[in-house]
Every structure is written in structure tokens, then in C-alpha cells.
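File shown: data33.cif (mmCIF, C-alpha atoms).
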data_data
loop_
_atom_site.label_atom_id
_atom_site.label_comp_id
_atom_site.auth_asym_id
_atom_site.auth_seq_id
_atom_site.Cartn_x
_atom_site.Cartn_y
_atom_site.Cartn_z
CA MET A 21 -29.07 -14.28 14.47
CA THR A 22 -27.54 -16.70 11.98
CA THR A 23 -23.80 -17.32 11.82
CA ALA A 24 -23.62 -15.21 8.64
CA GLU A 25 -25.49 -12.34 10.31
CA VAL A 26 -23.16 -12.44 13.31
CA HIS A 27 -20.14 -12.28 11.01
CA MET A 28 -21.59 -9.34 9.07
CA ARG A 29 -22.20 -7.56 12.37
CA ARG A 30 -18.57 -8.11 13.34
CA MET A 31 -17.45 -6.68 9.99
CA ALA A 32 -19.61 -3.60 10.48
CA ASP A 33 -18.24 -3.15 14.02
CA VAL A 34 -14.64 -3.18 12.72
CA LEU A 35 -15.47 -0.46 10.20
CA GLU A 36 -17.33 1.65 12.75
CA GLU A 37 -14.46 1.39 15.24
CA ALA A 38 -11.97 2.51 12.59
CA ARG A 39 -14.14 5.47 11.55
CA ARG A 40 -14.28 6.63 15.18
CA ASP A 41 -10.50 6.27 15.59
CA LEU A 42 -9.10 9.83 15.37
CA SER A 43 -5.64 8.96 16.72
CA GLY A 44 -3.96 10.22 13.55
CA GLY A 45 -2.75 7.01 11.95
CA ILE A 46 -3.12 6.53 8.18
CA PRO A 47 -4.94 4.21 8.17
CA PRO A 48 -6.23 4.14 11.77
CA LYS A 49 -4.32 1.44 13.66
CA SER A 50 -7.60 0.04 14.95
CA LEU A 51 -8.49 -0.93 11.37
CA LEU A 52 -5.49 -3.25 11.05
CA LEU A 53 -6.26 -4.83 14.42
CA GLY A 54 -9.92 -5.24 13.51
CA LEU A 55 -9.12 -6.93 10.21
CA GLN A 56 -6.84 -9.34 12.06
CA ARG A 57 -9.75 -10.27 14.32
CA LEU A 58 -11.94 -11.00 11.31
CA VAL A 59 -9.26 -13.04 9.52
CA PRO A 60 -7.13 -14.57 12.31
CA CYS A 61 -3.43 -14.74 11.49
CA ASP A 62 -0.02 -14.73 13.16
CA ASP A 63 0.78 -11.18 12.12
CA ALA A 64 -0.77 -8.38 10.08
CA SER A 65 0.77 -5.29 8.56
CA PHE A 66 0.09 -2.23 6.45
CA CYS A 67 2.86 -0.87 4.26
CA GLU A 68 3.42 1.72 1.56
CA LEU A 69 6.58 1.44 -0.54
CA ASP A 70 8.13 3.70 -3.15
CA ILE A 71 9.61 1.16 -5.57
CA PRO A 72 12.22 3.25 -7.50
CA THR A 73 13.82 4.67 -4.35
CA ARG A 74 13.23 1.52 -2.23
CA ARG A 75 11.81 3.66 0.55
CA GLU A 76 9.23 2.59 3.11
CA LEU A 77 6.84 5.55 3.25
CA ASN A 78 4.37 4.22 5.81
CA SER A 79 4.26 1.11 7.96
CA GLN A 80 2.14 -0.51 10.69
CA GLU A 81 2.52 -3.92 12.36
CA THR A 82 0.36 -5.75 14.87
CA ILE A 83 3.56 -7.39 16.17
CA GLU A 84 6.53 -5.08 16.63
CA GLU A 85 9.63 -6.18 14.71
CA ASP A 86 12.95 -6.46 16.51
CA GLY A 87 15.63 -4.62 14.57
CA ASP A 88 16.12 -5.14 10.81
CA CYS A 89 13.12 -6.78 9.12
CA GLY A 90 15.23 -7.99 6.18
CA MET A 91 14.22 -5.46 3.53
CA ASP A 92 17.57 -5.94 1.77
CA ALA A 93 16.53 -9.54 1.12
CA TYR A 94 13.12 -8.36 -0.05
CA TRP A 95 14.61 -6.08 -2.66
CA ARG A 96 17.12 -8.74 -3.74
CA TRP A 97 14.50 -11.44 -4.29
CA ARG A 98 11.42 -9.32 -4.96
CA HIS A 99 11.12 -10.69 -8.53
CA GLN A 100 10.23 -14.07 -6.98
CA HIS A 101 7.38 -12.60 -4.92
CA LEU A 102 4.65 -13.03 -7.56
CA GLN A 103 1.91 -11.79 -5.26
CA CYS A 104 3.84 -8.59 -4.63
CA LEU A 105 4.40 -8.05 -8.36
CA GLN A 106 0.63 -8.33 -8.83
CA VAL A 107 0.06 -5.75 -6.09
CA CYS A 108 2.40 -3.33 -7.88
CA ARG A 109 0.40 -3.37 -11.10
CA PRO A 110 -1.88 -0.33 -11.61
CA HIS A 111 -5.45 -0.86 -10.40
CA ASP A 112 -8.33 1.53 -9.94
CA ALA A 113 -10.11 -0.37 -7.17
CA PRO A 114 -8.97 -2.41 -4.15
CA GLU A 115 -7.86 -5.96 -4.97
CA THR A 116 -7.61 -9.04 -2.75
CA THR A 117 -5.23 -11.95 -3.42
CA GLN A 118 -3.38 -14.61 -1.50
CA MET A 119 -0.03 -16.28 -2.11
CA ALA A 120 -1.76 -19.58 -3.02
CA ASP A 121 -3.17 -17.83 -6.12
CA PHE A 122 0.39 -17.76 -7.48
CA LEU A 123 2.47 -20.45 -5.73
CA SER A 124 1.81 -23.41 -3.49
CA ALA A 125 3.42 -23.45 -0.04
CA ARG A 126 5.80 -26.18 -1.25
CA GLU A 127 6.88 -24.15 -4.31
CA LEU A 128 7.36 -21.02 -2.22
CA ARG A 129 9.48 -22.77 0.43
CA ASN A 130 12.03 -23.69 -2.27
CA LEU A 131 12.68 -20.04 -3.16
CA PRO A 132 15.18 -17.60 -1.60
CA ILE A 133 12.41 -15.00 -1.12
CA TYR A 134 10.92 -17.40 1.43
CA THR A 135 14.06 -18.57 3.23
CA ASP A 136 15.60 -15.07 3.37
CA PHE A 137 12.50 -12.93 3.93
CA LEU A 138 9.05 -14.51 4.28
CA ALA A 139 9.75 -17.51 6.55
CA PRO A 140 7.98 -18.85 8.54
CA HIS A 141 4.86 -17.54 6.75
CA PRO A 142 4.14 -19.32 3.44
CA ASN A 143 0.56 -18.04 3.43
CA ILE A 144 -0.09 -14.34 2.86
CA ALA A 145 -3.44 -12.71 2.09
CA ASP A 146 -3.68 -9.06 1.16
CA ILE A 147 -5.86 -6.09 0.35
CA ALA A 148 -4.04 -3.87 -2.16
CA LEU A 149 -5.34 -0.30 -2.36
CA PRO A 150 -5.01 1.95 -5.43
CA THR A 151 -2.08 4.34 -5.33
CA ALA A 152 0.26 6.35 -7.53
CA PRO A 153 2.47 4.64 -10.16
CA ASN A 154 5.48 2.71 -8.86
CA ARG A 155 4.10 2.61 -5.35
CA THR A 156 2.41 -0.11 -3.28
CA ARG A 157 -0.21 0.39 -0.57
CA VAL A 158 -1.22 -2.92 0.97
CA PHE A 159 -2.65 -4.68 4.03
CA GLN A 160 -1.06 -8.11 4.53
CA PHE A 161 -2.04 -11.06 6.74
CA PHE A 162 0.61 -13.73 7.49
CA ARG A 163 0.14 -17.36 8.53
CA THR A 164 2.37 -20.33 9.21
CA GLY A 165 1.40 -23.81 7.99
CA SER A 166 0.56 -25.00 4.49
CA LYS A 167 -3.22 -24.48 4.47
CA PRO A 168 -4.25 -21.42 2.39
CA PHE A 169 -6.76 -18.85 3.56
CA SER A 170 -10.29 -20.18 3.13
CA ASN A 171 -12.83 -18.96 0.57
CA HIS A 172 -14.85 -17.51 3.47
CA GLU A 173 -11.85 -15.53 4.71
CA MET A 174 -10.96 -14.22 1.25
CA THR A 175 -14.61 -13.27 0.68
CA THR A 176 -14.52 -11.36 3.98
CA LEU A 177 -11.47 -9.39 2.83
CA ALA A 178 -13.04 -8.74 -0.58
CA LEU A 179 -16.23 -7.40 1.04
CA MET A 180 -14.23 -5.23 3.43
CA ALA A 181 -11.83 -3.89 0.78
CA PRO A 182 -13.86 -0.96 -0.64
CA HIS A 183 -14.81 0.20 2.87
CA VAL A 184 -11.19 -0.11 4.00
CA TYR A 185 -10.16 2.10 1.08
CA GLU A 186 -12.73 4.75 2.04
CA ILE A 187 -11.49 4.75 5.64
CA TYR A 188 -7.89 5.14 4.42
CA LYS A 189 -8.87 8.16 2.30
CA GLU A 190 -10.85 9.72 5.16
CA ALA A 191 -7.83 9.38 7.48
CA ALA A 192 -5.51 10.86 4.84
CA LEU A 193 -7.77 13.90 4.40
CA ARG A 194 -7.50 14.65 8.12
CA ASN A 195 -3.76 15.31 7.70
CA PRO A 196 -2.91 18.97 7.04
CA PRO A 197 -2.00 19.48 3.36
CA VAL A 198 1.43 20.64 2.19
CA ARG A 199 1.21 24.04 0.50
CA LEU A 200 2.71 24.05 -3.00
CA THR A 201 2.62 26.85 -5.55
CA HIS A 202 0.43 26.52 -8.62
CA ARG A 203 3.53 26.06 -10.78
CA GLU A 204 4.94 23.34 -8.53
CA LEU A 205 1.61 21.52 -8.78
CA ASP A 206 1.61 21.93 -12.58
CA VAL A 207 5.08 20.38 -12.76
CA LEU A 208 4.08 17.46 -10.54
CA ARG A 209 0.96 16.80 -12.62
CA CYS A 210 3.19 16.53 -15.67
CA VAL A 211 5.53 14.21 -13.77
CA ALA A 212 2.57 12.03 -12.80
CA ARG A 213 1.66 11.70 -16.48
CA GLY A 214 5.15 10.44 -17.28
CA LEU A 215 6.63 13.53 -18.95
CA THR A 216 10.40 14.09 -18.91
CA THR A 217 12.00 17.34 -17.77
CA ALA A 218 12.35 18.50 -21.37
CA GLN A 219 8.73 17.63 -22.17
CA ILE A 220 7.50 19.45 -19.05
CA ALA A 221 9.51 22.53 -20.01
CA GLU A 222 7.95 22.49 -23.47
CA GLN A 223 4.47 21.94 -22.05
CA LEU A 224 4.74 24.82 -19.56
CA PHE A 225 6.79 27.18 -21.77
CA VAL A 226 9.69 27.38 -19.32
CA SER A 227 13.32 26.24 -19.33
CA PRO A 228 14.40 22.77 -18.12
CA SER A 229 16.37 24.43 -15.32
CA THR A 230 13.17 26.13 -14.13
CA VAL A 231 11.40 22.76 -14.08
CA ARG A 232 14.24 21.27 -12.02
CA LYS A 233 14.04 24.22 -9.60
CA HIS A 234 10.29 23.75 -9.11
CA LEU A 235 10.88 20.06 -8.45
CA GLU A 236 13.65 20.84 -5.96
CA ASN A 237 11.38 23.26 -4.09
CA ALA A 238 8.51 20.77 -4.07
CA PHE A 239 10.77 17.96 -2.81
CA GLY A 240 11.90 20.16 0.08
CA LYS A 241 8.36 21.05 1.12
CA LEU A 242 7.18 17.45 0.85
CA GLY A 243 10.18 15.89 2.56
CA VAL A 244 10.84 13.48 -0.33
CA SER A 245 13.79 12.85 -2.64
CA SER A 246 12.25 11.38 -5.80
CA ARG A 247 9.66 12.29 -8.40
CA THR A 248 7.67 9.14 -7.68
CA ALA A 249 7.52 9.85 -3.96
CA ALA A 250 6.45 13.46 -4.61
CA VAL A 251 3.64 12.34 -6.92
CA ALA A 252 2.51 9.73 -4.41
CA ARG A 253 2.48 12.35 -1.63
CA VAL A 254 0.54 15.01 -3.55
CA PHE A 255 -1.72 12.78 -5.65
CA PRO A 256 -2.29 9.69 -3.49
CA GLU A 257 -5.40 8.77 -5.47
CA PRO A 258 -5.61 8.62 -9.29
CA GLU A 259 -8.65 10.93 -9.36
CA SER A 260 -6.75 13.69 -7.52
CA LEU A 261 -4.74 14.42 -10.65
#
As C-alpha cells, how would this structure be written, given the file I've shared?
Amino acid sequence: MTTAEVHMRRMADVLEEARRDLSGGIPPKSLLLGLQRLVPCDDASFCELDIPTRRELNSQETIEEDGDCGMDAYWRWRHQHLQCLQVCRPHDAPETTQMADFLSARELRNLPIYTDFLAPHPNIADIALPTAPNRTRVFQFFRTGSKPFSNHEMTTLALMAPHVYEIYKEAALRNPPVRLTHRELDVLRCVARGLTTAQIAEQLFVSPSTVRKHLENAFGKLGVSSRTAAVARVFPEPESL
């Protein structure tokens, strides 16, 4: 086999291992570990964030963090993390980027987002998966040193990205659904489309207080505290609306 054929075989093996992983993780933890084998790095993570409420909804690490991981610094300096701002933009298909697409290692090291949060990793590659508005869902690969990820490594992530997304969705479907009433679902669909409480009430021919009650009931069942988090929980994919 050629070197390219061996690498493609390794990629297929990572996907097959993840599809067979029924341990309950979303995504399967073996997927994160397999991606790290394909694109060697110091640390890899998967994270889902709800931006308005600053809540971490889901997280995996290949290296366990000791204590506080500095999220206060992340939220303080997030506007300097240009790669992260790109990840947060709406997209209908998985996207791959690396920090070098936005800033050089030298430029990044001069910013507080690096000294307070990202250090010692000036190089970050990612696979950003589609998700609900105001939410991020992203695999990240961290490296020390100034050399960016190679074209071969970024091509590997780009080729893996659509398959990674399918595996994520398959794992999510294995989780038991939360039972909401038809009216609670109607309200959340309106929320997902950006309607205000008054607009939802007009749309559904009910009072604003009834809308707020449906939202309160839905929040309790879903274990969330914001409209964005509820939408992300019930409609994790755009097509599910």
C-alpha cells in the first residue's frame, strides 16, 4: 500500500471505531482520541457552549484539566479569539480552520487571550459542527510551537469533518428524547425563528403569559435556563426545526 492508502485506512479505522463505541458519550470519546492520533497534538477537546448564558453544555478532553480552566478569561477576551468568532457564525456544514488562518503565532502571543487563556498553545486547528444559533459545537486540537498545522493535516480534518458530524448525530439520537407537549414545541419553534414573546403570542393566538408558562415548563423538563439553550437541546440540527 502507498503512504496515502495507509493514511486513508487509518482514517477509516478511526470512523469505524467511533461508530462501534456505544459507551454513551456525545460524541463517542473514542472519536476524539482517534482524531488526535490522525493529527498529533498536545491536547484535543470537544466543547459545546451556549454563548448568551456563558454555559458549557458538553465537554470532553484527552488530557484532564486540573481545577479551573480559565473560562472567565475566555469570556473576557473572547473578542480577540478570531478563530472562535468564525466558529460561532451560522454554517450549514462542518467547517475546518486553524488559528494561522487569522493570526500568526507572533501576533497571537501579544494578545491577552493568549497569555490569560490559550498559552502555551498558539496553534489550534478545529472542526466546527453546525448547531443552533448562538451556540458552538467544536473539536479543537492544540499545539505548542510556532509552526502551523500542515496542509496535509488540515486536509485530513476536512475529509473527516462530514463523517464526524454524522457520528455526532448518530450518538445524539441514541439518547432518550425529552417529552414536550405539542404547544411547548410550537413555542420553541417560534423562539428558534427569533420571535419575541409578544410575537409568539400573536402567532399562536394565546396570551404572553401563556407563552412564558410554556417556556417555563419546557425549561424545567429540559434542565436549561435560557431560550437559546432550550432551542439547542430540542433542535440540535437546523433541519430538525
_Neighbouring residues of segment 217-233 of chain A were defined as those with any atom within 10 Å, considering only C-alpha atoms; residues of the same chain fewer than 3 positions away were excluded. Please report them as an MDAnalysis selection string._
chainID A and resid 203:204 206:211 214 236:239
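Distance check against Leu149 of chain A using all atoms listed in the file: of A:Ala120, A:Val107, A:Lys167, A:Leu128, the minimum falls on A:Val107.
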Protein and nucleic acid residues near (5.7, -21.2, 0.6) (cut-off 9 Å, all atoms listed in the file) as a tab-separated table (two decimals) with C-alpha atoms, in the frame of the given file:
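Final output, saved to result14.tsv:
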chain	number	residue	atom	x	y	z
A	119	MET	CA	-0.03	-16.28	-2.11
A	120	ALA	CA	-1.76	-19.58	-3.02
A	123	LEU	CA	2.47	-20.45	-5.73
A	124	SER	CA	1.81	-23.41	-3.49
A	125	ALA	CA	3.42	-23.45	-0.04
A	126	ARG	CA	5.80	-26.18	-1.25
A	127	GLU	CA	6.88	-24.15	-4.31
A	128	LEU	CA	7.36	-21.02	-2.22
A	129	ARG	CA	9.48	-22.77	0.43
A	130	ASN	CA	12.03	-23.69	-2.27
A	131	LEU	CA	12.68	-20.04	-3.16
A	134	TYR	CA	10.92	-17.40	1.43
A	138	LEU	CA	9.05	-14.51	4.28
A	139	ALA	CA	9.75	-17.51	6.55
A	140	PRO	CA	7.98	-18.85	8.54
A	141	HIS	CA	4.86	-17.54	6.75
A	142	PRO	CA	4.14	-19.32	3.44
A	143	ASN	CA	0.56	-18.04	3.43
A	165	GLY	CA	1.40	-23.81	7.99
A	166	SER	CA	0.56	-25.00	4.49
*Quick one, how far is atom CA of Asp112 of chain A from atom CA of Asp70 of chain A?*
17.9 Å
*Nearest to Arg29 of chain A among A:Thr216, A:Thr201, A:Thr164, A:Thr176, with distances taken over all atoms listed in the file: which residue is it?*
A:Thr176
For the PyMOL selection byres ((chain A and resi 50-62) around 8), applied here, can you spell out every residue it catches as a compact mmCIF listing (two decimals) with C-alpha atoms, in the coordinates of the input?
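And here is the file that came out, out18.txt:
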# COMPACT_ATOMS: atom_id res chain seq x y z
CA ARG A 30 -18.57 -8.11 13.34
CA MET A 31 -17.45 -6.68 9.99
CA VAL A 34 -14.64 -3.18 12.72
CA LEU A 35 -15.47 -0.46 10.20
CA GLU A 37 -14.46 1.39 15.24
CA ALA A 38 -11.97 2.51 12.59
CA ASP A 41 -10.50 6.27 15.59
CA PRO A 47 -4.94 4.21 8.17
CA PRO A 48 -6.23 4.14 11.77
CA LYS A 49 -4.32 1.44 13.66
CA ASP A 63 0.78 -11.18 12.12
CA ALA A 64 -0.77 -8.38 10.08
CA SER A 65 0.77 -5.29 8.56
CA PHE A 66 0.09 -2.23 6.45
CA THR A 82 0.36 -5.75 14.87
CA PHE A 159 -2.65 -4.68 4.03
CA PHE A 161 -2.04 -11.06 6.74
CA PHE A 162 0.61 -13.73 7.49
CA ARG A 163 0.14 -17.36 8.53
CA THR A 164 2.37 -20.33 9.21
CA GLU A 173 -11.85 -15.53 4.71
CA THR A 176 -14.52 -11.36 3.98
CA LEU A 177 -11.47 -9.39 2.83
CA VAL A 184 -11.19 -0.11 4.00
*Taking the file as shown, find all residues satisfying the PyMOL selection byres ((chain A and resi 116) around 12) and write them as JSON, numbers by chain.*
{"A": [103, 104, 106, 107, 111, 113, 114, 115, 117, 118, 119, 121, 144, 145, 146, 147, 148, 149, 150, 158, 159, 160, 161, 169, 171, 173, 174, 175, 176, 177, 178, 179, 180, 181, 182, 184]}
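With atom CA of Thr73 of chain A on one side and atom CA of Leu200 of chain A on the other, the separation reads 22.4 Å.
For the pair atom CA of Met91 of chain A and atom CA of Ile187 of chain A, the separation is 27.7 Å.
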May I have the protein, DNA and RNA residues with any atom at most 10 Å from the point (8.2, -1.8, 0.4), counting all atoms listed in the file, written as a PDB file with C-alpha atoms, in the frame of the given file?
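Okay, point_27.pdb is ready:
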ATOM      1  CA  CYS A  67       2.860  -0.870   4.260  1.00  0.00           C
ATOM      2  CA  GLU A  68       3.420   1.720   1.560  1.00  0.00           C
ATOM      3  CA  LEU A  69       6.580   1.440  -0.540  1.00  0.00           C
ATOM      4  CA  ASP A  70       8.130   3.700  -3.150  1.00  0.00           C
ATOM      5  CA  ILE A  71       9.610   1.160  -5.570  1.00  0.00           C
ATOM      6  CA  THR A  73      13.820   4.670  -4.350  1.00  0.00           C
ATOM      7  CA  ARG A  74      13.230   1.520  -2.230  1.00  0.00           C
ATOM      8  CA  ARG A  75      11.810   3.660   0.550  1.00  0.00           C
ATOM      9  CA  GLU A  76       9.230   2.590   3.110  1.00  0.00           C
ATOM     10  CA  LEU A  77       6.840   5.550   3.250  1.00  0.00           C
ATOM     11  CA  ASN A  78       4.370   4.220   5.810  1.00  0.00           C
ATOM     12  CA  SER A  79       4.260   1.110   7.960  1.00  0.00           C
ATOM     13  CA  MET A  91      14.220  -5.460   3.530  1.00  0.00           C
ATOM     14  CA  TYR A  94      13.120  -8.360  -0.050  1.00  0.00           C
ATOM     15  CA  TRP A  95      14.610  -6.080  -2.660  1.00  0.00           C
ATOM     16  CA  ARG A  98      11.420  -9.320  -4.960  1.00  0.00           C
ATOM     17  CA  CYS A 104       3.840  -8.590  -4.630  1.00  0.00           C
ATOM     18  CA  ARG A 155       4.100   2.610  -5.350  1.00  0.00           C
ATOM     19  CA  THR A 156       2.410  -0.110  -3.280  1.00  0.00           C
ATOM     20  CA  ARG A 157      -0.210   0.390  -0.570  1.00  0.00           C
ATOM     21  CA  VAL A 158      -1.220  -2.920   0.970  1.00  0.00           C
TER      22      VAL A 158
END
Let me have the centre and edge lengths in Å, one decimal, of the box along x, y and z around every listed atom of segment 34-45 of chain A with 8 Å of margin on each side, as lines of an AutoDock Vina configuration file.
center_x = -10.0
center_y = 3.5
center_z = 13.5
size_x = 30.6
size_y = 29.4
size_z = 22.5
*If we count all atoms listed in the file, what is near Gly90 of chain A at a cut-off of 8 Å, once residues fewer than 3 positions away on the same chain are taken out, given as a PyMOL selection string?*
chain A and resi 93-94+136-137
*Of the listed residues A:Asn195, A:His172, A:Ser246, A:Glu186, that which approaches Met28 of chain A most closely, counting all atoms listed in the file*: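 That would be A:His172, the residue with the smallest distance to Met28 of chain A.
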*Neighbours of Arg253 of chain A within 9 Å (all atoms listed in the file; same-chain residues fewer than 6 positions away dropped), as an MDAnalysis selection string?*
chainID A and resid 152 242 244
*Which of these residues is nearest to Arg213 of chain A, using only C-alpha atoms: A:Arg247, A:His27, A:Asp33, A:Lys241?*
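Checking each of A:Arg247, A:His27, A:Asp33, A:Lys241 against Arg213 of chain A, counting only C-alpha atoms, the winner is A:Arg247.
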Any chance you could turn segment 235-249 of chain A into a file with N, CA, C and O atoms, as a PDB file, in the first residue's frame?
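Saved to out-v3.pdb:
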ATOM      1  N   LEU A 235     -42.801  28.182  28.163  1.00  0.00           N
ATOM      2  CA  LEU A 235     -41.335  28.223  28.196  1.00  0.00           C
ATOM      3  C   LEU A 235     -40.813  27.733  29.545  1.00  0.00           C
ATOM      4  O   LEU A 235     -39.851  26.963  29.613  1.00  0.00           O
ATOM      5  N   GLU A 236     -41.450  28.179  30.615  1.00  0.00           N
ATOM      6  CA  GLU A 236     -41.031  27.751  31.958  1.00  0.00           C
ATOM      7  C   GLU A 236     -41.133  26.234  32.102  1.00  0.00           C
ATOM      8  O   GLU A 236     -40.221  25.583  32.638  1.00  0.00           O
ATOM      9  N   ASN A 237     -42.242  25.670  31.619  1.00  0.00           N
ATOM     10  CA  ASN A 237     -42.415  24.210  31.695  1.00  0.00           C
ATOM     11  C   ASN A 237     -41.366  23.484  30.854  1.00  0.00           C
ATOM     12  O   ASN A 237     -40.806  22.461  31.282  1.00  0.00           O
ATOM     13  N   ALA A 238     -41.099  24.015  29.666  1.00  0.00           N
ATOM     14  CA  ALA A 238     -40.106  23.387  28.795  1.00  0.00           C
ATOM     15  C   ALA A 238     -38.713  23.461  29.411  1.00  0.00           C
ATOM     16  O   ALA A 238     -37.952  22.487  29.376  1.00  0.00           O
ATOM     17  N   PHE A 239     -38.369  24.609  29.994  1.00  0.00           N
ATOM     18  CA  PHE A 239     -37.059  24.761  30.638  1.00  0.00           C
ATOM     19  C   PHE A 239     -36.880  23.712  31.734  1.00  0.00           C
ATOM     20  O   PHE A 239     -35.817  23.106  31.878  1.00  0.00           O
ATOM     21  N   GLY A 240     -37.933  23.520  32.534  1.00  0.00           N
ATOM     22  CA  GLY A 240     -37.848  22.548  33.623  1.00  0.00           C
ATOM     23  C   GLY A 240     -37.629  21.133  33.127  1.00  0.00           C
ATOM     24  O   GLY A 240     -36.825  20.378  33.684  1.00  0.00           O
ATOM     25  N   LYS A 241     -38.325  20.747  32.072  1.00  0.00           N
ATOM     26  CA  LYS A 241     -38.172  19.400  31.526  1.00  0.00           C
ATOM     27  C   LYS A 241     -36.797  19.195  30.894  1.00  0.00           C
ATOM     28  O   LYS A 241     -36.229  18.097  30.948  1.00  0.00           O
ATOM     29  N   LEU A 242     -36.281  20.261  30.286  1.00  0.00           N
ATOM     30  CA  LEU A 242     -35.010  20.156  29.566  1.00  0.00           C
ATOM     31  C   LEU A 242     -33.803  20.367  30.457  1.00  0.00           C
ATOM     32  O   LEU A 242     -32.676  20.061  30.069  1.00  0.00           O
ATOM     33  N   GLY A 243     -34.023  20.928  31.650  1.00  0.00           N
ATOM     34  CA  GLY A 243     -32.911  21.210  32.545  1.00  0.00           C
ATOM     35  C   GLY A 243     -32.052  22.362  32.069  1.00  0.00           C
ATOM     36  O   GLY A 243     -30.830  22.360  32.241  1.00  0.00           O
ATOM     37  N   VAL A 244     -32.678  23.382  31.450  1.00  0.00           N
ATOM     38  CA  VAL A 244     -31.956  24.554  30.961  1.00  0.00           C
ATOM     39  C   VAL A 244     -32.572  25.807  31.570  1.00  0.00           C
ATOM     40  O   VAL A 244     -33.643  25.763  32.188  1.00  0.00           O
ATOM     41  N   SER A 245     -31.902  26.947  31.365  1.00  0.00           N
ATOM     42  CA  SER A 245     -32.393  28.189  31.957  1.00  0.00           C
ATOM     43  C   SER A 245     -32.480  29.329  30.959  1.00  0.00           C
ATOM     44  O   SER A 245     -32.709  30.474  31.343  1.00  0.00           O
ATOM     45  N   SER A 246     -32.285  29.044  29.672  1.00  0.00           N
ATOM     46  CA  SER A 246     -32.365  30.108  28.673  1.00  0.00           C
ATOM     47  C   SER A 246     -33.064  29.598  27.425  1.00  0.00           C
ATOM     48  O   SER A 246     -33.117  28.391  27.162  1.00  0.00           O
ATOM     49  N   ARG A 247     -33.592  30.528  26.651  1.00  0.00           N
ATOM     50  CA  ARG A 247     -34.250  30.178  25.395  1.00  0.00           C
ATOM     51  C   ARG A 247     -33.259  29.541  24.414  1.00  0.00           C
ATOM     52  O   ARG A 247     -33.586  28.561  23.735  1.00  0.00           O
ATOM     53  N   THR A 248     -32.065  30.108  24.343  1.00  0.00           N
ATOM     54  CA  THR A 248     -31.069  29.582  23.421  1.00  0.00           C
ATOM     55  C   THR A 248     -30.699  28.145  23.755  1.00  0.00           C
ATOM     56  O   THR A 248     -30.594  27.285  22.874  1.00  0.00           O
ATOM     57  N   ALA A 249     -30.501  27.874  25.045  1.00  0.00           N
ATOM     58  CA  ALA A 249     -30.144  26.520  25.463  1.00  0.00           C
ATOM     59  C   ALA A 249     -31.282  25.542  25.181  1.00  0.00           C
ATOM     60  O   ALA A 249     -31.049  24.393  24.793  1.00  0.00           O
TER      61      ALA A 249
END
